[in-house]
file data.cif (mmCIF, C-alpha atoms)
data_data
#
loop_
_atom_site.label_atom_id
_atom_site.label_comp_id
_atom_site.auth_asym_id
_atom_site.auth_seq_id
_atom_site.Cartn_x
_atom_site.Cartn_y
_atom_site.Cartn_z
CA MET A 1 -119.67 309.00 -5.97
CA ARG A 2 -117.45 309.57 -9.02
CA HIS A 3 -114.80 307.25 -7.55
CA HIS A 4 -117.50 304.62 -7.05
CA TRP A 5 -118.45 304.64 -10.77
CA LEU A 6 -114.80 304.65 -11.82
CA LEU A 7 -114.21 301.57 -9.64
CA LEU A 8 -117.21 299.78 -11.16
CA GLY A 9 -116.02 300.63 -14.67
CA ALA A 10 -112.53 299.32 -13.96
CA CYS A 11 -113.96 296.07 -12.59
CA GLY A 12 -116.05 295.69 -15.73
CA TRP A 13 -113.01 296.06 -17.97
CA VAL A 14 -111.06 293.52 -15.87
CA LEU A 15 -113.91 291.00 -16.20
CA LEU A 16 -114.05 291.49 -19.99
CA ILE A 17 -110.29 290.99 -20.32
CA LEU A 18 -110.40 287.85 -18.14
CA MET A 19 -113.23 286.42 -20.27
CA PHE A 20 -111.25 287.04 -23.47
CA VAL A 21 -108.04 285.51 -22.07
CA THR A 22 -109.94 282.46 -20.77
CA LYS A 23 -111.54 281.88 -24.16
CA PHE A 24 -108.18 282.24 -25.92
CA ILE A 25 -106.49 279.77 -23.56
CA ASN A 26 -109.31 277.26 -23.94
CA PHE A 27 -109.15 277.54 -27.71
CA ARG A 28 -105.38 276.97 -27.82
CA ALA A 29 -105.61 274.07 -25.35
CA ALA A 30 -108.35 272.46 -27.39
CA ASP A 31 -106.42 272.87 -30.61
CA ASP A 32 -103.29 271.33 -29.12
CA TYR A 33 -105.31 268.45 -27.70
CA GLY A 34 -106.92 267.88 -31.05
CA GLU A 35 -103.57 267.77 -32.83
CA LYS A 36 -102.33 265.16 -30.37
CA THR A 37 -105.62 263.37 -29.58
CA GLY A 38 -109.09 260.15 -30.73
CA SER A 39 -114.58 253.71 -31.14
CA GLN A 40 -116.75 250.63 -32.10
CA THR A 41 -117.72 247.45 -30.26
CA TRP A 42 -117.12 243.78 -30.44
CA THR A 43 -119.05 240.52 -30.48
CA GLU A 44 -117.85 237.67 -28.27
CA SER A 45 -117.06 235.51 -31.27
CA GLY A 46 -115.23 238.34 -33.03
CA SER A 47 -117.34 237.69 -36.11
CA LYS A 48 -118.66 240.47 -38.34
CA VAL A 49 -122.06 240.65 -39.98
CA ARG A 50 -123.53 242.61 -42.87
CA SER A 51 -124.68 246.18 -42.53
CA SER A 52 -125.83 248.89 -44.89
CA PRO A 53 -123.05 251.44 -45.53
CA GLU A 54 -125.60 254.11 -46.40
CA LYS A 55 -127.52 253.50 -43.20
CA ASP A 56 -124.38 253.52 -41.09
CA GLY A 57 -123.21 256.72 -42.72
CA LEU A 58 -126.46 258.43 -41.73
CA GLN A 59 -126.14 257.13 -38.20
CA LEU A 60 -122.60 258.41 -38.04
CA SER A 61 -123.66 261.94 -38.94
CA ASP A 62 -126.41 261.79 -36.32
CA GLN A 63 -123.97 260.54 -33.68
CA HIS A 64 -121.58 263.40 -34.31
CA SER A 65 -124.31 265.97 -33.77
CA THR A 66 -125.69 264.57 -30.51
CA GLY A 67 -124.34 265.14 -27.05
CA THR A 68 -124.85 262.07 -24.88
CA THR A 69 -126.22 258.67 -25.72
CA ALA A 70 -127.33 255.92 -23.33
CA ALA A 71 -124.80 253.12 -22.91
CA SER A 72 -127.20 250.51 -24.28
CA GLU A 73 -127.87 252.61 -27.39
CA TRP A 74 -124.17 253.21 -27.90
CA GLU A 75 -123.51 249.49 -27.92
CA SER A 76 -125.70 249.10 -30.99
CA VAL A 77 -123.88 252.03 -32.61
CA VAL A 78 -120.45 250.47 -32.21
CA GLU A 79 -121.73 247.04 -33.24
CA GLY A 80 -123.02 248.66 -36.42
CA ARG A 81 -119.50 249.93 -37.15
CA VAL A 82 -118.08 246.41 -36.92
CA GLN A 83 -120.82 245.18 -39.23
CA LEU A 84 -120.08 247.92 -41.75
CA LEU A 85 -116.36 247.14 -41.65
CA SER A 86 -117.08 243.48 -42.44
CA THR A 87 -119.36 244.39 -45.34
CA VAL A 88 -116.88 246.73 -46.99
CA CYS A 89 -114.02 244.27 -46.49
CA LYS A 90 -116.03 241.68 -48.45
CA ASN A 91 -116.58 244.07 -51.36
CA SER A 92 -114.25 242.73 -54.05
CA SER A 93 -114.40 245.96 -56.06
CA LEU A 94 -112.71 247.81 -53.16
CA ARG A 95 -110.17 245.11 -52.32
CA ASN A 96 -107.21 247.06 -53.69
CA LEU A 97 -108.13 249.94 -51.33
CA THR A 98 -109.03 247.95 -48.21
CA TYR A 99 -107.04 244.71 -48.12
CA VAL A 100 -103.59 244.81 -46.51
CA SER A 101 -101.64 241.78 -45.32
CA ILE A 102 -100.34 241.61 -41.75
CA SER A 103 -96.78 242.74 -42.48
CA LYS A 104 -94.03 243.92 -40.14
CA PHE A 105 -95.08 247.49 -40.98
CA VAL A 106 -98.54 246.74 -39.52
CA LEU A 107 -97.14 244.84 -36.51
CA ASP A 108 -94.88 247.82 -35.76
CA ARG A 109 -98.00 249.99 -35.40
CA ILE A 110 -99.59 247.76 -32.71
CA PHE A 111 -98.69 248.38 -29.07
CA VAL A 112 -99.05 245.62 -26.48
CA CYS A 113 -100.28 245.57 -22.88
CA ASP A 114 -99.77 241.97 -21.80
CA LYS A 115 -100.87 242.62 -18.23
CA HIS A 116 -104.44 243.36 -19.37
CA ARG A 117 -104.38 241.55 -22.73
CA ILE A 118 -104.84 244.64 -24.91
CA LEU A 119 -103.56 245.52 -28.38
CA PHE A 120 -103.78 249.11 -29.65
CA CYS A 121 -103.04 249.98 -33.29
CA GLN A 122 -101.56 253.46 -33.69
CA THR A 123 -103.20 255.71 -36.30
CA PRO A 124 -101.26 259.02 -36.13
CA LYS A 125 -103.13 262.34 -36.01
CA VAL A 126 -106.17 260.75 -34.34
CA GLY A 127 -105.39 261.34 -30.66
CA ASN A 128 -103.05 258.40 -30.11
CA THR A 129 -101.02 260.24 -27.47
CA GLN A 130 -103.87 259.96 -24.99
CA TRP A 131 -104.41 256.23 -25.58
CA LYS A 132 -100.70 255.51 -25.30
CA LYS A 133 -100.79 257.28 -21.93
CA VAL A 134 -103.61 254.94 -20.86
CA LEU A 135 -101.51 251.90 -21.82
CA ILE A 136 -98.42 253.28 -20.06
CA VAL A 137 -100.45 253.54 -16.84
CA LEU A 138 -101.81 250.01 -17.31
CA ASN A 139 -98.27 248.71 -17.80
CA GLY A 140 -97.34 250.21 -14.43
CA GLY A 141 -95.12 253.02 -15.67
CA PHE A 142 -97.06 255.83 -13.92
CA PRO A 143 -100.01 255.93 -11.50
CA THR A 144 -102.06 258.39 -13.61
CA VAL A 145 -102.04 259.73 -17.17
CA GLU A 146 -101.53 263.30 -15.90
CA GLU A 147 -98.11 262.41 -14.46
CA ILE A 148 -96.65 261.13 -17.74
CA PRO A 149 -94.20 263.57 -19.40
CA GLU A 150 -95.25 264.41 -22.95
CA ASN A 151 -91.83 263.66 -24.44
CA LEU A 152 -91.80 260.19 -22.85
CA VAL A 153 -95.00 259.15 -24.62
CA HIS A 154 -93.32 259.48 -28.01
CA ASP A 155 -90.02 257.91 -26.94
CA HIS A 156 -90.71 254.32 -27.89
CA ASP A 157 -87.43 253.14 -26.38
CA LYS A 158 -88.40 254.40 -22.93
CA ASN A 159 -92.21 254.45 -22.67
CA GLY A 160 -92.48 250.75 -21.83
CA LEU A 161 -94.90 249.93 -24.67
CA PRO A 162 -93.66 246.91 -26.64
CA ARG A 163 -94.69 246.57 -30.29
CA LEU A 164 -96.35 243.40 -31.51
CA SER A 165 -93.52 242.96 -34.03
CA SER A 166 -91.09 242.30 -31.14
CA PHE A 167 -92.65 238.87 -30.43
CA SER A 168 -92.20 235.51 -32.13
CA PRO A 169 -94.69 234.50 -34.89
CA LYS A 170 -96.37 232.07 -32.48
CA GLU A 171 -96.74 234.73 -29.78
CA ILE A 172 -98.02 237.25 -32.32
CA THR A 173 -100.72 234.84 -33.49
CA ARG A 174 -101.75 234.05 -29.89
CA ARG A 175 -102.12 237.71 -29.00
CA LEU A 176 -104.02 238.57 -32.18
CA SER A 177 -106.51 235.76 -31.54
CA THR A 178 -107.07 236.29 -27.81
CA TYR A 179 -106.39 239.93 -26.84
CA PHE A 180 -108.80 242.87 -26.89
CA LYS A 181 -107.93 244.91 -30.00
CA PHE A 182 -108.88 248.48 -30.92
CA PHE A 183 -107.85 251.57 -32.87
CA ILE A 184 -109.24 255.06 -33.56
CA VAL A 185 -110.19 256.83 -36.80
CA ARG A 186 -111.42 260.27 -37.84
CA ASP A 187 -112.61 261.89 -41.06
CA PRO A 188 -109.78 261.04 -43.52
CA PHE A 189 -109.45 264.51 -45.03
CA GLU A 190 -109.49 266.26 -41.67
CA ARG A 191 -106.76 263.87 -40.54
CA LEU A 192 -104.60 264.89 -43.54
CA ILE A 193 -105.04 268.55 -42.63
CA SER A 194 -103.95 267.75 -39.07
CA ALA A 195 -100.88 265.88 -40.34
CA PHE A 196 -99.93 268.77 -42.66
CA LYS A 197 -100.26 271.38 -39.89
CA ASP A 198 -98.44 269.31 -37.29
CA LYS A 199 -95.49 268.18 -39.40
CA PHE A 200 -94.98 270.96 -41.94
CA VAL A 201 -96.33 274.09 -40.22
CA LYS A 202 -96.07 273.80 -36.43
CA ASN A 203 -93.66 270.86 -35.93
CA PRO A 204 -93.93 271.18 -32.12
CA ARG A 205 -91.56 268.30 -31.31
CA PHE A 206 -88.86 269.64 -33.67
CA GLU A 207 -88.57 266.86 -36.20
CA PRO A 208 -86.39 268.70 -38.76
CA TRP A 209 -86.55 266.01 -41.44
CA TYR A 210 -90.08 267.07 -42.38
CA LYS A 211 -88.97 270.60 -43.28
CA HIS A 212 -85.47 269.91 -44.55
CA ASP A 213 -85.86 266.55 -46.32
CA ILE A 214 -89.47 265.60 -47.04
CA ALA A 215 -90.90 269.04 -47.89
CA PRO A 216 -88.19 269.96 -50.45
CA ALA A 217 -88.53 266.54 -52.13
CA ILE A 218 -92.29 267.02 -52.53
CA ILE A 219 -91.88 270.61 -53.77
CA ARG A 220 -89.35 269.58 -56.41
CA LYS A 221 -91.69 267.00 -57.87
CA TYR A 222 -95.11 268.60 -57.46
CA ARG A 223 -94.78 272.40 -57.44
CA LYS A 224 -94.99 273.78 -60.94
CA SER A 225 -92.40 276.49 -60.40
CA HIS A 226 -89.76 276.76 -57.68
CA ARG A 227 -86.20 277.89 -57.11
CA GLU A 228 -83.80 275.26 -55.83
CA SER A 229 -82.15 277.74 -53.48
CA GLU A 230 -85.48 278.61 -51.84
CA LEU A 231 -86.86 275.11 -51.21
CA ALA A 232 -86.31 275.00 -47.45
CA ALA A 233 -87.34 278.61 -46.90
CA SER A 234 -90.53 278.58 -49.00
CA GLY A 235 -92.19 275.82 -47.03
CA LEU A 236 -94.55 273.11 -48.23
CA HIS A 237 -97.98 274.29 -49.45
CA PHE A 238 -101.09 272.22 -48.79
CA GLU A 239 -101.58 272.05 -52.57
CA ASP A 240 -98.14 270.40 -52.95
CA PHE A 241 -99.04 267.92 -50.21
CA VAL A 242 -102.36 267.00 -51.88
CA ARG A 243 -100.71 266.46 -55.27
CA TYR A 244 -98.11 264.18 -53.71
CA LEU A 245 -100.71 262.12 -51.82
CA GLY A 246 -102.97 261.74 -54.86
CA ASP A 247 -100.19 260.58 -57.17
CA ILE A 248 -100.59 256.86 -56.51
CA GLU A 249 -97.82 255.70 -58.85
CA GLY A 250 -95.39 258.61 -58.69
CA ARG A 251 -95.06 258.83 -54.92
CA ARG A 252 -94.07 255.20 -54.26
CA ARG A 253 -90.35 255.77 -54.76
CA MET A 254 -90.58 258.89 -52.57
CA ASP A 255 -92.38 256.97 -49.83
CA ARG A 256 -89.56 254.43 -49.74
CA GLN A 257 -87.16 257.34 -49.38
CA PHE A 258 -89.21 258.90 -46.56
CA GLY A 259 -89.37 255.64 -44.58
CA GLU A 260 -91.73 255.32 -41.62
CA HIS A 261 -92.32 259.09 -41.47
CA ILE A 262 -95.18 258.48 -43.91
CA ILE A 263 -97.26 256.84 -41.15
CA HIS A 264 -98.80 260.25 -40.46
CA TRP A 265 -100.69 260.20 -43.77
CA VAL A 266 -100.89 256.61 -45.02
CA THR A 267 -104.38 255.08 -44.94
CA TYR A 268 -105.92 253.40 -41.92
CA ALA A 269 -106.07 250.19 -43.95
CA GLU A 270 -102.30 250.32 -44.54
CA LEU A 271 -101.62 251.03 -40.86
CA CYS A 272 -103.85 248.48 -39.12
CA ALA A 273 -104.99 245.88 -41.73
CA PRO A 274 -108.62 245.94 -40.47
CA CYS A 275 -109.78 243.46 -43.11
CA GLU A 276 -107.29 240.88 -41.83
CA ILE A 277 -107.22 241.56 -38.08
CA GLN A 278 -110.52 241.11 -36.24
CA TYR A 279 -110.59 244.27 -34.12
CA ASN A 280 -113.03 244.35 -31.23
CA VAL A 281 -113.52 248.10 -31.33
CA VAL A 282 -112.85 250.80 -33.92
CA GLY A 283 -113.34 254.18 -32.32
CA HIS A 284 -114.27 257.49 -33.94
CA HIS A 285 -112.55 260.69 -32.85
CA GLU A 286 -115.78 262.60 -33.55
CA THR A 287 -117.61 260.60 -30.85
CA LEU A 288 -114.76 260.28 -28.38
CA GLU A 289 -116.94 261.39 -25.45
CA GLN A 290 -118.98 258.20 -25.86
CA ASP A 291 -116.28 255.94 -27.25
CA ALA A 292 -113.54 256.46 -24.63
CA PRO A 293 -115.60 255.22 -21.65
CA TYR A 294 -117.04 252.44 -23.81
CA ILE A 295 -113.55 251.18 -24.72
CA LEU A 296 -112.46 251.24 -21.07
CA ARG A 297 -115.52 249.19 -20.09
CA ALA A 298 -115.19 246.78 -23.01
CA ALA A 299 -111.53 246.15 -22.17
CA GLY A 300 -112.36 245.71 -18.48
CA ILE A 301 -110.07 248.51 -17.32
CA GLU A 302 -112.52 251.27 -16.39
CA GLN A 303 -111.69 250.87 -12.68
CA LEU A 304 -107.94 251.00 -13.29
CA VAL A 305 -107.36 254.10 -15.42
CA ALA A 306 -109.19 257.24 -16.49
CA TYR A 307 -109.09 258.71 -19.98
CA PRO A 308 -107.72 262.31 -20.01
CA ALA A 309 -110.26 265.13 -19.84
CA ILE A 310 -111.62 266.10 -23.29
CA PRO A 311 -111.82 269.86 -23.99
CA PRO A 312 -115.35 270.90 -25.09
CA GLY A 313 -115.92 270.80 -28.83
CA ILE A 314 -112.47 269.47 -29.71
CA THR A 315 -113.77 266.30 -31.36
CA ARG A 316 -116.39 268.00 -33.54
CA TYR A 317 -115.88 267.58 -37.29
CA ASN A 318 -115.05 270.98 -38.79
CA GLN A 319 -116.30 271.16 -42.39
CA THR A 320 -115.50 274.87 -42.58
CA LYS A 321 -111.83 274.13 -41.91
CA VAL A 322 -111.82 271.39 -44.56
CA GLU A 323 -113.42 273.73 -47.11
CA ARG A 324 -110.89 276.45 -46.30
CA TYR A 325 -107.87 274.20 -46.77
CA PHE A 326 -109.20 272.75 -50.03
CA SER A 327 -110.43 276.06 -51.45
CA GLY A 328 -107.39 276.47 -53.71
CA ILE A 329 -107.08 272.83 -54.76
CA SER A 330 -108.16 271.80 -58.26
CA LYS A 331 -111.06 269.36 -58.64
CA ARG A 332 -108.75 266.95 -60.42
CA ASP A 333 -106.34 266.85 -57.47
CA VAL A 334 -109.21 266.46 -54.97
CA ARG A 335 -110.64 263.53 -56.94
CA ARG A 336 -107.24 261.86 -57.08
CA LEU A 337 -106.84 262.33 -53.34
CA TYR A 338 -110.29 260.89 -52.66
CA ALA A 339 -109.51 257.91 -54.92
CA ARG A 340 -106.61 257.04 -52.66
CA TYR A 341 -108.55 257.41 -49.38
CA GLN A 342 -111.90 256.09 -50.61
CA GLY A 343 -111.30 252.82 -48.77
CA ASP A 344 -110.98 254.64 -45.45
CA PHE A 345 -114.13 256.67 -46.09
CA GLN A 346 -116.16 253.53 -46.81
CA LEU A 347 -114.65 251.16 -44.24
CA PHE A 348 -115.54 253.48 -41.39
CA GLY A 349 -118.78 255.05 -42.60
CA TYR A 350 -117.55 258.55 -43.36
CA PRO A 351 -119.66 260.21 -46.09
CA SER A 352 -117.75 261.14 -49.24
CA PRO A 353 -116.85 264.85 -49.32
CA ASP A 354 -119.25 265.76 -52.12
CA PHE A 355 -118.93 269.46 -51.24
CA LEU A 356 -115.34 269.17 -52.53
CA LEU A 357 -115.87 266.72 -55.39
CA ASP A 358 -118.83 268.33 -57.19
#
call {"tool": "encode", "arguments": {"input": "data.cif", "output": "structure tokens"}}
result
Amino acid sequence: MRHHWLLLGACGWVLLILMFVTKFINFRAADDYGEKTGSQTWTESGSKVRSSPEKDGLQLSDQHSTGTTAASEWESVVEGRVQLLSTVCKNSSLRNLTYVSISKFVLDRIFVCDKHRILFCQTPKVGNTQWKKVLIVLNGGFPTVEEIPENLVHDHDKNGLPRLSSFSPKEITRRLSTYFKFFIVRDPFERLISAFKDKFVKNPRFEPWYKHDIAPAIIRKYRKSHRESELAASGLHFEDFVRYLGDIEGRRRMDRQFGEHIIHWVTYAELCAPCEIQYNVVGHHETLEQDAPYILRAAGIEQLVAYPAIPPGITRYNQTKVERYFSGISKRDVRRLYARYQGDFQLFGYPSPDFLLD
């Protein structure tokens, strides 16, 4: 009898340990997916109509808190996003924050799938890895997204995804006017936190220039006290990063020095020129569960490729994390940061972070 109870007790402990390990693995997998992972609809004419930013902002909050939404209801949600985008783009008082010409920098961000007439604008730190996998499959590189090596996705010389900038001006214009076009966004401040963690804390793909070149340059200019000999070892603080991003005039020379590495934190407007290019769909990372299948249907590719499985809860906006990261940042620096990203907040219906600004 005693052996029987000992056996039951041992089984109980094994079950508890397995539950803990499973939860830990799921958490890490979700976090990794979120650091690498990311919608809106289109009208046939590609035209955009007026919408109320305040109303859309309320809808956005409601969408993020609901689980599933009927396909017909979701269509009106994504149409509302296109309408909001058009309204904000027409606001002359925000033009300096929202209007960007279609430069080579923008064209370099747009990947092309000629076979299915799709253009995808890359917005780093919003789940682009998964969408690039979808395009690689569509281009015939691999039969499924699960078979694509992670390092290949980010090797733009080998992944088979041409950039729009590689075509002639005439071919660029034709594709922009006739192809299905989309990109993904997320809360602007949460995206900055993701960029900081990925490039200056974790750096999983070993890109040494962030730690050895960019971080020391930011520290020298924006940290009040530092020792030159300890720049590389001390590491970039989030406060240094925020000061650099909010210094609109002072950082321009540094950005030219950093080159295209800044794509991980420049605004969505600077990356994709949404007030100049008539995108069919602008997705939201927070509603990826609804947006991913909608984009596949809208592009006519839902029978050809499946979007990778989404870990539960990974797309949920985490205000607690945002508050924690900004807890030591001065109000002045937060306001300067918001001034730079205000266009992104308004273009895509994200409510201003009043809990940080007040």
call {"tool": "resolve_selection", "arguments": {"input": "data.cif", "expression": "the PyMOL selection byres ((chain A and resi 201) around 12)", "output": "count of residues only"}}
result
23
call {"tool": "residues_near_point", "arguments": {"input": "data.cif", "point": "(-98.7, 257.4, -17.4)", "cutoff": "10 Å", "atoms": "all atoms listed in the file", "output": "list in words"}}
result
Gln130, Lys132, Lys133, Val134, Leu135, Ile136, Val137, Leu138, Asn139, Gly140, Gly141, Phe142, Pro143, Thr144, Val145, Glu146, Glu147, Ile148, Pro149, Glu150, Leu152, Val153, Asn159 and Val305 of chain A
call {"tool": "residues_around", "arguments": {"input": "data.cif", "residues": "Arg243 in chain A", "least_positions_apart": "5", "cutoff": "10 Å", "atoms": "all atoms listed in the file", "output": "list in words"}}
result
Ile218, Ile219, Lys221, Tyr222, Arg223, Phe238, Ile248, Arg251, Ile329, Ser330, Arg332, Asp333, Val334, Arg336 and Leu337 of chain A
call {"tool": "closest_residue", "arguments": {"input": "data.cif", "among": "A:Phe120, A:Tyr341, A:Tyr268, A:Tyr294", "to": "Gly246 in chain A", "atoms": "all atoms listed in the file"}}
result
A:Tyr341
call {"tool": "resolve_selection", "arguments": {"input": "data.cif", "expression": "the PyMOL selection byres ((chain A and resi 285) around 9)", "output": "PDB file with C-alpha atoms, in the frame of the given file"}}
result
ATOM      1  CA  THR A  37    -105.620 263.370 -29.580  1.00  0.00           C
ATOM      2  CA  GLY A  38    -109.090 260.150 -30.730  1.00  0.00           C
ATOM      3  CA  SER A  39    -114.580 253.710 -31.140  1.00  0.00           C
ATOM      4  CA  VAL A 126    -106.170 260.750 -34.340  1.00  0.00           C
ATOM      5  CA  GLY A 127    -105.390 261.340 -30.660  1.00  0.00           C
ATOM      6  CA  ILE A 184    -109.240 255.060 -33.560  1.00  0.00           C
ATOM      7  CA  VAL A 185    -110.190 256.830 -36.800  1.00  0.00           C
ATOM      8  CA  ARG A 186    -111.420 260.270 -37.840  1.00  0.00           C
ATOM      9  CA  ASP A 187    -112.610 261.890 -41.060  1.00  0.00           C
ATOM     10  CA  GLY A 283    -113.340 254.180 -32.320  1.00  0.00           C
ATOM     11  CA  HIS A 284    -114.270 257.490 -33.940  1.00  0.00           C
ATOM     12  CA  GLU A 286    -115.780 262.600 -33.550  1.00  0.00           C
ATOM     13  CA  THR A 287    -117.610 260.600 -30.850  1.00  0.00           C
ATOM     14  CA  LEU A 288    -114.760 260.280 -28.380  1.00  0.00           C
ATOM     15  CA  GLU A 289    -116.940 261.390 -25.450  1.00  0.00           C
ATOM     16  CA  ASP A 291    -116.280 255.940 -27.250  1.00  0.00           C
ATOM     17  CA  THR A 315    -113.770 266.300 -31.360  1.00  0.00           C
ATOM     18  CA  ARG A 316    -116.390 268.000 -33.540  1.00  0.00           C
ATOM     19  CA  TYR A 317    -115.880 267.580 -37.290  1.00  0.00           C
TER      20      TYR A 317
END
call {"tool": "atom_distance", "arguments": {"input": "data.cif", "atom1": "CA of Lys331 in chain A", "atom2": "CA of Pro353 in chain A"}}
result
11.9 Å
call {"tool": "closest_residue", "arguments": {"input": "data.cif", "among": "A:Ala71, A:Ala339, A:Val78, A:Cys272", "to": "Cys121 in chain A", "atoms": "all atoms listed in the file"}}
result
A:Cys272
call {"tool": "residues_around", "arguments": {"input": "data.cif", "residues": "Cys113 in chain A", "least_positions_apart": "2", "cutoff": "8 Å", "atoms": "all atoms listed in the file", "output": "ChimeraX atom specification"}}
result
/A:111,115-119,135,138-139,161-162
call {"tool": "closest_residue", "arguments": {"input": "data.cif", "among": "A:Lys125, A:Leu192, A:Ser72, A:Asp114", "to": "Glu171 in chain A", "atoms": "all atoms listed in the file"}}
result
A:Asp114
call {"tool": "closest_residue", "arguments": {"input": "data.cif", "among": "A:Val322, A:Leu271, A:Gly343, A:Leu94", "to": "Leu356 in chain A", "atoms": "all atoms listed in the file"}}
result
A:Val322
call {"tool": "closest_residue", "arguments": {"input": "data.cif", "among": "A:Pro169, A:Pro308, A:Pro293, A:Pro124", "to": "Pro188 in chain A", "atoms": "all atoms listed in the file"}}
result
A:Pro124
call {"tool": "closest_residue", "arguments": {"input": "data.cif", "among": "A:Gln319, A:Gln290, A:Thr123, A:Ser166", "to": "Glu73 in chain A", "atoms": "only C-alpha atoms"}}
result
A:Gln290
call {"tool": "residues_around", "arguments": {"input": "data.cif", "residues": "Asp108 in chain A", "least_positions_apart": "5", "cutoff": "7 Å", "atoms": "only C-alpha atoms", "output": "list in words"}}
result
Arg163, Leu164 and Ser165 of chain A
call {"tool": "atom_distance", "arguments": {"input": "data.cif", "atom1": "CA of Tyr350 in chain A", "atom2": "CA of Ala269 in chain A"}}
result
14.2 Å
call {"tool": "atom_distance", "arguments": {"input": "data.cif", "atom1": "CA of Cys89 in chain A", "atom2": "CA of Pro274 in chain A"}}
result
8.3 Å
